[in-house]
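Participant: Mind having a look at this structure? Questions to follow.
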Amino acid sequence: MQLTRRHLTGALAALPLASLLTGCGPRGDATLTVWAMGNEAASLPELLKTIDWPAGAPPITIQPLPWTAAHEKLLTGFAGGSLPTVGQVGNSWIAELAAIGAIAPVPDRALGLLDDQFGAVVETNRIAGLAWAIPWYVDTRLQYYRKDLFARAGYDAPPADWAGWKTALHKVKRQVGADNYALLYPLNEYEQLTTLALSAGARMLRDDGARGAFSDPAFKATLAFYKSLFDERLAPLASSAQISNVWDEFAKGYFSLFLSGPWTIGDLKTRLAPAMQDNWATAPNPGPDGIGSAAPGGSSLVVFAGNDQGDAAWDLVSRLMAPGAQLKFQQLTGDLPARRSVWAKAGLADDPIVTPFATQLDHATPLPKVPEWERIVTEMQIVAERMVRGQYSVDEAAKEIDVRADRLLEKRRWMLDKGRAL
Amino acid sequence: MSSPALAAIILFFVLPAIASLALSFTDFDIYALADIGNLRFVGFENYERLLANPLFWKAVTNTLLFVGFGVPFIVTLSLFAAMLVNSRWLKWRPVWRVALFAPYVTTLVATAVVWRYLLHTRYGLVNYLLSLFGIAPIDWLGDPHASLPAILIFVGWKTFGYNMIIFLAALQTVPRELDEAARIDGAGWFTRLRHVTLPAIAPTVLLVSVLTVAGMFQLFAEPYVMTQGGPAQSTVTILYFMYEEGFKWWNLGSGAAVAFLLFLCILAVTLVQLRLAKRSGAI
Amino acid sequence: MSLRRWSVTLLAALVALLTIAPLLWMLSVSFMARGEASQFPPPLLPSDPSLDNYRMLFGSFGIGRFLLNSLLISTLATILALLFTIPAGYAFAKLRFKGRDATFRLLVAALVVPGQIGMLPLFLELKALGLVNSYAGALVPWLAGIFGIFLVRQYCLSIPDEMLEAARIDGASEAQILRRIVLPILTPIIVTLALFVFLGSWNDFMWPLIILADQDLYTLPVALAAMSRQHVQDNELMMAGAVVTTLPVLILFLALQRFYLSGLLTGSVKG
């Protein structure tokens, strides 16, 4: 062991470390890096083969991120100045990324990509009058129901208005017996409550997203309706962790209706027994007086601020959004394409399981676009769960959610006062 | 000659630790990260909000449960392993010592992944072994009541070898004659453990407890890999909470407040243990 | 007595088997075909062992890159930690300077403070230095190794002062004394310390998870954690990933376990 300091420093100097050790910063090299998630990342290499990427253009590298860590990685990338050129971003994160200046607004020449899309989805990506991202695929949540059990109760499909819907659920509940329920609304998930709230026309935030509006009559009506579903024993007092396997329990008839997105179509098709396949269907959400609403979801493509590599980034986005690429993308992933014209070509327009999603997307309403939104709904659901379990009345719960939302929005109000918030 | 090391310690350890306290009095968040002009001094507000946050209390409770159940469990496990390996009737001692120590040097993330599959409800070896004794499958990582024991089993498996080595060194200082004399007097195994062995190694039991408490307060990768804090937040530890507060929500001010409270907890527990040990005359 | 001898040994063998069973199972499943392990009762041995999982990991998953990252970071961390801590540990043991004992007492007290306390400010500090998302950022905590200083100091205390005095009288500089006299004596503890740092940095998870955003820089544990979230159902593939991640350190430990275990005792039994 004759390791001396001089030997070591000599060895260190010999390694080509200088470039390795320092921060990478925005890539100076010529590759165009794309961050994508899960299924979409897995299908991108195949998709890229079909887009005729010009030979002289920078080569493309794909970096997959797991969905559950993607949000953290995007923000670390922003903090470390190491964001890639193009990224797939969940639509609910766009407000945040725009607010901190991590993404670049869509330039005029790419605005055409937003034609031929669902209005509510495009609207989700519009903040402070600018479009910030191009929707890539769309989704939303609607109801999956057991056709056979609803038929036994005397219905072809769940009625579209709240009163009729609830009557139908009561009849289903009578059919399935005391140990089973009509619907599953897991108490730890906020999507059910926000979907009801959007259907009731509740705005949830007011004053340019600076304060909670959860005490509005529309939201209070939503809370009361939500609570009644549990009080009348139509839904079990359960969180999703207690339902080990949604598909199994759905097939067993533990519940006959639940809320989910298009990703569940594939799960039900592969996981339910063949005999079960004719017994389920999808339907748009109910509202107080007819078809209700839903939050438009899905992912968009963004170009990160300052990394646009000339025209290459938006050129890539345009090519990925071309109708041919969208069709190929749908075939590879099963995702619902953002461009409406592609739905017909993909045979989605007359698939009875999928068409309700188009109907629902036409009846979708964007959620409030503030960076704090996810925290606000997380708090909202904590309060709602306690209300359902009897700790708060509807009025108290509404007030409590407002208090918590206002607290989370305090910084935003300060930023708005200073003219620093989007 | 110590100056480069001291400089590094000050720059990358002392300074951040102190800055953590300062940071906890600000509202450093995603807006401030984008533009430092958006930073404000907020006094004790982060602390007030944390103390009013049920998820924070859930994390504290979980961590205390990990300490409360984990420390006796792991200390006992390690002590028995050490006594077994120290037994004078044992052949090929070094082989068993290395085998029992091996889990400690494995990569935590890798073995957490392995255990996630071992604890699988339907196909896991653990449930299979239990089924041989007629025990129904346990949903280890999906049931909020089973998830904490599940992680403890993994942590126990991973760390008992380390404590065992420390106990082993202490046990070797206990004179064999003492134990032998008690045996001739007719004292049973448990009586000798209680009246001969334990008093002789009391300071080591304390040392191992302190180390294990510190380890329990630092659980992070285990829930991150095995349960992601779930189900129903039953495995969110303080450190996991700090990570989410800091690097998921980017509330660095609030995250720093969590870090500082964590430090106070560790300090308090360590001091209490030392005090107890002094009173009972262990050291 | 022979019965007793065998029953104790048998018990130890049983406990040892139970302890390493998860590792053996990991190895066995890594050679299984896709989906083979998801049966009841779980199979213990692959019916048709193959290297397909490893081929896939090194092929389409590019785990070789993460392996290199881990090797590079752990090696550099080890070298840097030795460069920083050995002179410091020696100085605290053998050189007289102002405030030496007080500083050392402070350092020992600081051992109680977990590094995670300063993680958030350290992130901001490194952001200011431009080291977020770089190997250097991942290495930084290993420079501030108080434990290493402590370990080296304890060992240095056993070096007789007369030996150093004699060299000083012969006109040797402190650096020369360290190099020619102290280092050879310290060899065992240097190996131990190197082993500690190498294993520690190889197994480290939280800090690289935070500081490395770019996948090209991921270390094995960070990459494995990300992969295991994406491919939960690919049991066999993940086991192969776990083998690649943990086998190098396990082998290193088995080869040098004597140094590791003795160092562990020097470090923890503070006396």
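Identifiers for the structure tokens are assigned positionally: chains receive A, B, ... in sequence, residues are indexed from 1 per chain, and ligands are indexed from 1 in the order shown.
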Using only C-alpha atoms, find the residues of chain B whose closest atom to chain C is at most 6 Å away, then write them as number ranges by chain.
Facilitator: B: 1-2, 5, 8-9, 16-17, 20, 89-91, 99-100, 106-107, 109-110, 123, 259
Participant: Generate a file of the selected residues that holds C-alpha atoms, formatted as a compact mmCIF listing (two decimals), in the first residue's frame.
Facilitator:
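Once written, again-v7.txt looks like this:
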```
# COMPACT_ATOMS: atom_id res chain seq x y z
CA MET B 1 -2.87 18.34 7.68
CA SER B 2 -6.40 18.17 8.91
CA ALA B 5 -10.85 17.46 5.73
CA ALA B 8 -14.86 19.77 3.56
CA ILE B 9 -16.70 19.00 6.78
CA PRO B 16 -25.75 22.83 5.44
CA ALA B 17 -26.82 21.63 8.89
CA SER B 20 -31.14 23.94 7.48
CA TRP B 89 -19.99 -25.86 21.29
CA LEU B 90 -20.18 -24.32 17.87
CA LYS B 91 -18.05 -25.71 15.05
CA ALA B 99 -23.17 -15.86 6.60
CA LEU B 100 -25.19 -14.02 9.23
CA THR B 106 -25.77 -6.07 0.41
CA THR B 107 -27.21 -3.11 -1.45
CA VAL B 109 -32.30 -1.11 -2.76
CA ALA B 110 -31.52 -4.47 -4.35
CA TYR B 123 -46.44 -16.04 -4.96
CA ALA B 259 -35.21 17.85 9.16
```
Participant: Determine which residues of range 31-274 of chain A receive a DSSP assignment of alpha helix (DSSP H), computed from the backbone, and state them as a VMD selection string.
Facilitator: chain A and resid 38 to 48 67 to 79 94 to 99 119 to 124 147 to 152 162 to 176 191 to 199 217 to 231 246 to 252 263 to 271
Participant: Write out as a Markdown table a residue-level contact list of chain A versus chain B with cut-off 9 Å: for each qualifying residue the closest pair of atoms and the distance in Å to one decimal, counting only C-alpha atoms, rows sorted by chain and residue number upward.
Facilitator:
```
| residue | atom | partner | partner_atom | distance |
| --- | --- | --- | --- | --- |
| A:Ala69 | CA | B:Lys248 | CA | 8.6 |
| A:His71 | CA | B:Lys248 | CA | 7.0 |
| A:Glu72 | CA | B:Lys248 | CA | 5.1 |
| A:Lys73 | CA | B:Lys248 | CA | 8.8 |
| A:Leu75 | CA | B:Phe247 | CA | 8.0 |
| A:Thr76 | CA | B:Phe247 | CA | 7.6 |
| A:Phe78 | CA | B:Ala34 | CA | 8.7 |
| A:Ala79 | CA | B:Leu33 | CA | 7.1 |
| A:Glu96 | CA | B:Ile30 | CA | 8.6 |
| A:Ala99 | CA | B:Tyr31 | CA | 7.7 |
| A:Ile100 | CA | B:Ala34 | CA | 5.3 |
| A:Gly101 | CA | B:Ala34 | CA | 7.2 |
| A:Ala102 | CA | B:Ala34 | CA | 8.5 |
| A:Asn188 | CA | B:Ala232 | CA | 7.8 |
| A:Ser239 | CA | B:Ala232 | CA | 7.6 |
| A:Ser240 | CA | B:Ala232 | CA | 8.3 |
| A:Ala241 | CA | B:Pro231 | CA | 5.5 |
| A:Gln242 | CA | B:Asp143 | CA | 6.8 |
| A:Ser244 | CA | B:Gly142 | CA | 7.1 |
| A:Arg375 | CA | B:Trp249 | CA | 8.4 |
| A:Lys411 | CA | B:Asp27 | CA | 8.5 |
| A:Met415 | CA | B:Asn38 | CA | 7.6 |
| A:Arg420 | CA | B:Asn38 | CA | 8.5 |
| A:Ala421 | CA | B:Tyr31 | CA | 9.0 |
```
Participant: Using DSSP on the backbone coordinates, identify the residues of range 85-156 of chain A assigned to strand (DSSP E or B); present them as a list in words.
Facilitator: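 Filtering range 85-156 of chain A to strand (DSSP E or B) leaves Val86, Gly87, Gln88, Val89, Gly90, Ile103, Gln117, Arg126, Ile127, Leu130, Ala131, Ile134, Pro135, Trp136, Tyr137, Val138, Asp139, Leu142, Gln143, Tyr144, Tyr145 and Arg146 of chain A.
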Participant: With only C-alpha atoms as the counted atoms, please give the residues lying no more than 10 Å from range 163-172 of chain C, apart from itself and same-chain residues fewer than 6 positions off, as a PyMOL selection string.
Facilitator: chain C and resi 94+178+180-182
Participant: Would you tabulate, counting only C-alpha atoms, all residues of chain C that have an atom at most 7 Å from an atom of chain A, showing the closest pair of atoms and their distance in Å to one decimal, sorted by chain then ascending number, as a Markdown table?
Facilitator:
```
| residue | atom | partner | partner_atom | distance |
| --- | --- | --- | --- | --- |
| C:Leu83 | CA | A:Arg5 | CA | 6.8 |
| C:Lys127 | CA | A:Gly80 | CA | 6.1 |
| C:Gly130 | CA | A:Gly23 | CA | 5.7 |
| C:Leu131 | CA | A:Gly23 | CA | 4.9 |
| C:Val132 | CA | A:Gly80 | CA | 4.9 |
| C:Asn133 | CA | A:Gly23 | CA | 5.9 |
| C:Ser134 | CA | A:Gly23 | CA | 4.7 |
| C:Tyr135 | CA | A:Leu21 | CA | 5.1 |
| C:Ala136 | CA | A:Leu21 | CA | 4.8 |
| C:Arg179 | CA | A:Thr4 | CA | 6.5 |
| C:Pro184 | CA | A:Met1 | CA | 6.9 |
| C:Thr187 | CA | A:Met1 | CA | 6.3 |
| C:Ala213 | CA | A:Gly77 | CA | 5.5 |
| C:Gln215 | CA | A:Gln63 | CA | 6.7 |
| C:Ala226 | CA | A:Pro66 | CA | 6.1 |
| C:Arg229 | CA | A:Pro66 | CA | 6.4 |
| C:Gln230 | CA | A:Pro66 | CA | 5.5 |
```
Participant: Take the residues just selected and output them with C-alpha atoms as a PDB file, in the first residue's frame.
Facilitator:
```
ATOM      1  CA  LEU C  83      -6.956  11.598   0.746  1.00  0.00           C
ATOM      2  CA  LYS C 127     -27.008  24.119  -7.235  1.00  0.00           C
ATOM      3  CA  GLY C 130     -23.375  24.155 -10.554  1.00  0.00           C
ATOM      4  CA  LEU C 131     -22.836  20.634  -9.289  1.00  0.00           C
ATOM      5  CA  VAL C 132     -26.414  19.374  -9.266  1.00  0.00           C
ATOM      6  CA  ASN C 133     -26.748  16.466 -11.660  1.00  0.00           C
ATOM      7  CA  SER C 134     -23.033  15.661 -11.837  1.00  0.00           C
ATOM      8  CA  TYR C 135     -20.719  12.980 -10.493  1.00  0.00           C
ATOM      9  CA  ALA C 136     -19.052  15.612  -8.334  1.00  0.00           C
ATOM     10  CA  ARG C 179       4.260   8.849   3.831  1.00  0.00           C
ATOM     11  CA  PRO C 184       2.834   1.535   6.097  1.00  0.00           C
ATOM     12  CA  THR C 187      -2.186  -0.270   5.936  1.00  0.00           C
ATOM     13  CA  ALA C 213     -31.574  13.817 -12.544  1.00  0.00           C
ATOM     14  CA  GLN C 215     -30.438   8.928 -16.391  1.00  0.00           C
ATOM     15  CA  ALA C 226     -36.596   3.358 -11.078  1.00  0.00           C
ATOM     16  CA  ARG C 229     -41.242   0.828 -10.247  1.00  0.00           C
ATOM     17  CA  GLN C 230     -41.740   0.508 -13.979  1.00  0.00           C
TER      18      GLN C 230
END
```
Participant: Quick one: of A:Val138, A:Glu191, A:Arg152, A:Arg412, who's nearest to Arg174 in chain A, counting only C-alpha atoms?
Facilitator: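 Using only C-alpha atoms, the shortest distance to Arg174 in chain A belongs to A:Arg152.
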Participant: Determine, counting only C-alpha atoms, which protein, DNA and RNA residues have an atom within 10 Å of an atom of Asn62 in chain B; residues of the same chain fewer than 3 positions away are not included. Present the result as an mmCIF file with N, CA and C atoms, in the first residue's frame.
Facilitator:
```
data_model
loop_
_atom_site.group_PDB
_atom_site.id
_atom_site.type_symbol
_atom_site.label_atom_id
_atom_site.label_comp_id
_atom_site.auth_asym_id
_atom_site.auth_seq_id
_atom_site.Cartn_x
_atom_site.Cartn_y
_atom_site.Cartn_z
ATOM 1 N N PHE B 56 -48.004 14.797 8.795
ATOM 2 C CA PHE B 56 -46.749 14.879 9.544
ATOM 3 C C PHE B 56 -46.843 14.030 10.808
ATOM 4 N N TRP B 57 -47.981 14.138 11.500
ATOM 5 C CA TRP B 57 -48.148 13.346 12.727
ATOM 6 C C TRP B 57 -48.191 11.863 12.418
ATOM 7 N N LYS B 58 -48.764 11.550 11.252
ATOM 8 C CA LYS B 58 -48.785 10.151 10.831
ATOM 9 C C LYS B 58 -47.337 9.657 10.661
ATOM 10 N N ALA B 59 -46.509 10.484 10.030
ATOM 11 C CA ALA B 59 -45.107 10.110 9.822
ATOM 12 C C ALA B 59 -44.380 9.960 11.151
ATOM 13 N N LEU B 65 -43.454 4.081 15.962
ATOM 14 C CA LEU B 65 -43.804 2.659 15.950
ATOM 15 C C LEU B 65 -42.610 1.822 15.494
ATOM 16 N N PHE B 66 -41.918 2.323 14.467
ATOM 17 C CA PHE B 66 -40.724 1.617 14.007
ATOM 18 C C PHE B 66 -39.707 1.523 15.134
ATOM 19 N N VAL B 67 -39.527 2.622 15.873
ATOM 20 C CA VAL B 67 -38.578 2.607 16.983
ATOM 21 C C VAL B 67 -39.075 1.662 18.074
ATOM 22 N N GLY B 68 -40.355 1.820 18.452
ATOM 23 C CA GLY B 68 -40.901 1.077 19.575
ATOM 24 C C GLY B 68 -40.892 -0.434 19.367
ATOM 25 N N LEU B 148 -46.113 -2.321 8.141
ATOM 26 C CA LEU B 148 -45.039 -1.925 9.052
ATOM 27 C C LEU B 148 -44.257 -3.147 9.561
ATOM 28 N N GLN B 233 -50.629 5.535 3.716
ATOM 29 C CA GLN B 233 -49.577 6.267 4.441
ATOM 30 C C GLN B 233 -49.044 5.525 5.664
ATOM 31 N N SER B 234 -49.242 4.188 5.693
ATOM 32 C CA SER B 234 -48.853 3.472 6.901
ATOM 33 C C SER B 234 -47.345 3.301 7.012
ATOM 34 N N THR B 235 -46.588 3.579 5.958
ATOM 35 C CA THR B 235 -45.136 3.427 6.055
ATOM 36 C C THR B 235 -44.399 4.728 5.725
ATOM 37 N N VAL B 236 -45.111 5.856 5.790
ATOM 38 C CA VAL B 236 -44.434 7.144 5.618
ATOM 39 C C VAL B 236 -43.622 7.416 6.878
ATOM 40 N N THR B 237 -42.300 7.462 6.751
ATOM 41 C CA THR B 237 -41.461 7.783 7.898
ATOM 42 C C THR B 237 -41.139 9.277 7.870
ATOM 43 N N ILE B 238 -40.510 9.771 8.925
ATOM 44 C CA ILE B 238 -40.205 11.209 8.952
ATOM 45 C C ILE B 238 -39.306 11.586 7.778
#
```
Participant: Got a sec: who's within 12 Å of Pro159 in chain A, counting only C-alpha atoms, leaving out chain neighbours fewer than 3 positions off, as a list in words?
Facilitator: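 Close residues of Pro159 in chain A: Gln143, Tyr145, Phe150, Gly154, Tyr155, Asp156, Trp162, Ala163, Gly164, Trp165, Lys166, Thr167, Ala168, Leu169, Ala283, Pro284, Asn285, Pro286, Gly287, Pro288, Asp289, Gly290, Ile291 and Gly292 of chain A.
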Participant: Can you tell me which residues surround Asp248 in chain A at a distance of at most 10 Å, considering only C-alpha atoms, apart from same-chain residues fewer than 6 positions away, and format the answer as an mmCIF file with N, CA and C atoms, in the first residue's frame?
Facilitator:
```
data_model
loop_
_atom_site.group_PDB
_atom_site.id
_atom_site.type_symbol
_atom_site.label_atom_id
_atom_site.label_comp_id
_atom_site.auth_asym_id
_atom_site.auth_seq_id
_atom_site.Cartn_x
_atom_site.Cartn_y
_atom_site.Cartn_z
ATOM 1 N N TYR A 254 -68.733 -7.111 -6.021
ATOM 2 C CA TYR A 254 -68.658 -6.376 -4.753
ATOM 3 C C TYR A 254 -69.132 -4.940 -4.956
ATOM 4 N N LEU A 268 -59.278 -4.586 -18.002
ATOM 5 C CA LEU A 268 -60.479 -5.418 -17.913
ATOM 6 C C LEU A 268 -60.477 -6.465 -19.015
ATOM 7 N N ARG A 271 -57.718 -9.079 -17.920
ATOM 8 C CA ARG A 271 -57.757 -9.727 -16.609
ATOM 9 C C ARG A 271 -59.082 -10.393 -16.279
ATOM 10 N N LEU A 272 -60.173 -9.960 -16.925
ATOM 11 C CA LEU A 272 -61.451 -10.597 -16.606
ATOM 12 C C LEU A 272 -61.628 -11.854 -17.451
ATOM 13 N N ALA A 273 -62.330 -12.819 -16.905
ATOM 14 C CA ALA A 273 -62.574 -14.071 -17.617
ATOM 15 C C ALA A 273 -63.380 -13.784 -18.884
#
```
Participant: Env of Phe225 in chain A: 12 Å cut, atoms = only C-alpha atoms, seq-sep filter 3 positions within chain, self excluded. Answer as an mmCIF file with C-alpha atoms, in the first residue's frame.
Facilitator:
```cif
data_model
loop_
_atom_site.group_PDB
_atom_site.id
_atom_site.type_symbol
_atom_site.label_atom_id
_atom_site.label_comp_id
_atom_site.auth_asym_id
_atom_site.auth_seq_id
_atom_site.Cartn_x
_atom_site.Cartn_y
_atom_site.Cartn_z
ATOM 1 C CA TRP A 162 -78.098 12.573 -10.385
ATOM 2 C CA ALA A 163 -81.559 11.790 -9.023
ATOM 3 C CA TRP A 165 -78.665 7.741 -11.150
ATOM 4 C CA LYS A 166 -79.038 7.391 -7.424
ATOM 5 C CA GLN A 192 -64.430 11.112 -7.732
ATOM 6 C CA LEU A 193 -65.250 14.248 -5.784
ATOM 7 C CA LEU A 196 -68.856 15.390 -9.241
ATOM 8 C CA ALA A 197 -67.901 19.003 -8.527
ATOM 9 C CA SER A 199 -70.428 18.115 -13.132
ATOM 10 C CA ALA A 200 -72.239 20.390 -10.711
ATOM 11 C CA ALA A 218 -72.550 24.295 -6.153
ATOM 12 C CA PHE A 219 -69.681 22.697 -4.228
ATOM 13 C CA LYS A 220 -71.730 22.285 -1.063
ATOM 14 C CA ALA A 221 -74.387 20.494 -3.100
ATOM 15 C CA THR A 222 -71.636 18.235 -4.435
ATOM 16 C CA SER A 228 -75.244 10.705 0.812
ATOM 17 C CA LEU A 229 -73.751 7.932 -1.346
ATOM 18 C CA PHE A 230 -71.940 6.622 1.713
ATOM 19 C CA ASP A 231 -74.692 7.448 4.220
ATOM 20 C CA GLU A 232 -77.179 5.474 2.140
ATOM 21 C CA LEU A 234 -74.402 2.689 -1.783
ATOM 22 C CA GLY A 287 -74.663 15.465 -13.665
ATOM 23 C CA PRO A 288 -77.386 17.245 -11.688
ATOM 24 C CA ALA A 384 -64.061 14.951 2.646
ATOM 25 C CA VAL A 388 -68.035 11.006 5.286
ATOM 26 C CA VAL A 394 -71.248 19.480 4.966
#
```
Participant: Between CA of Ala160 in chain A and CA of Tyr137 in chain A, measure the distance and give it in Å to one decimal.
Facilitator: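 Computed distance, CA of Ala160 in chain A to CA of Tyr137 in chain A, equals 26.3 Å.
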Participant: Kindly indicate which residue among A:Ala358, A:Val377, A:Ala322, A:Val86 lies nearest to Leu142 in chain A, using only C-alpha atoms for the distances.
Facilitator: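 The answer is A:Ala358, which sits nearest to Leu142 in chain A.
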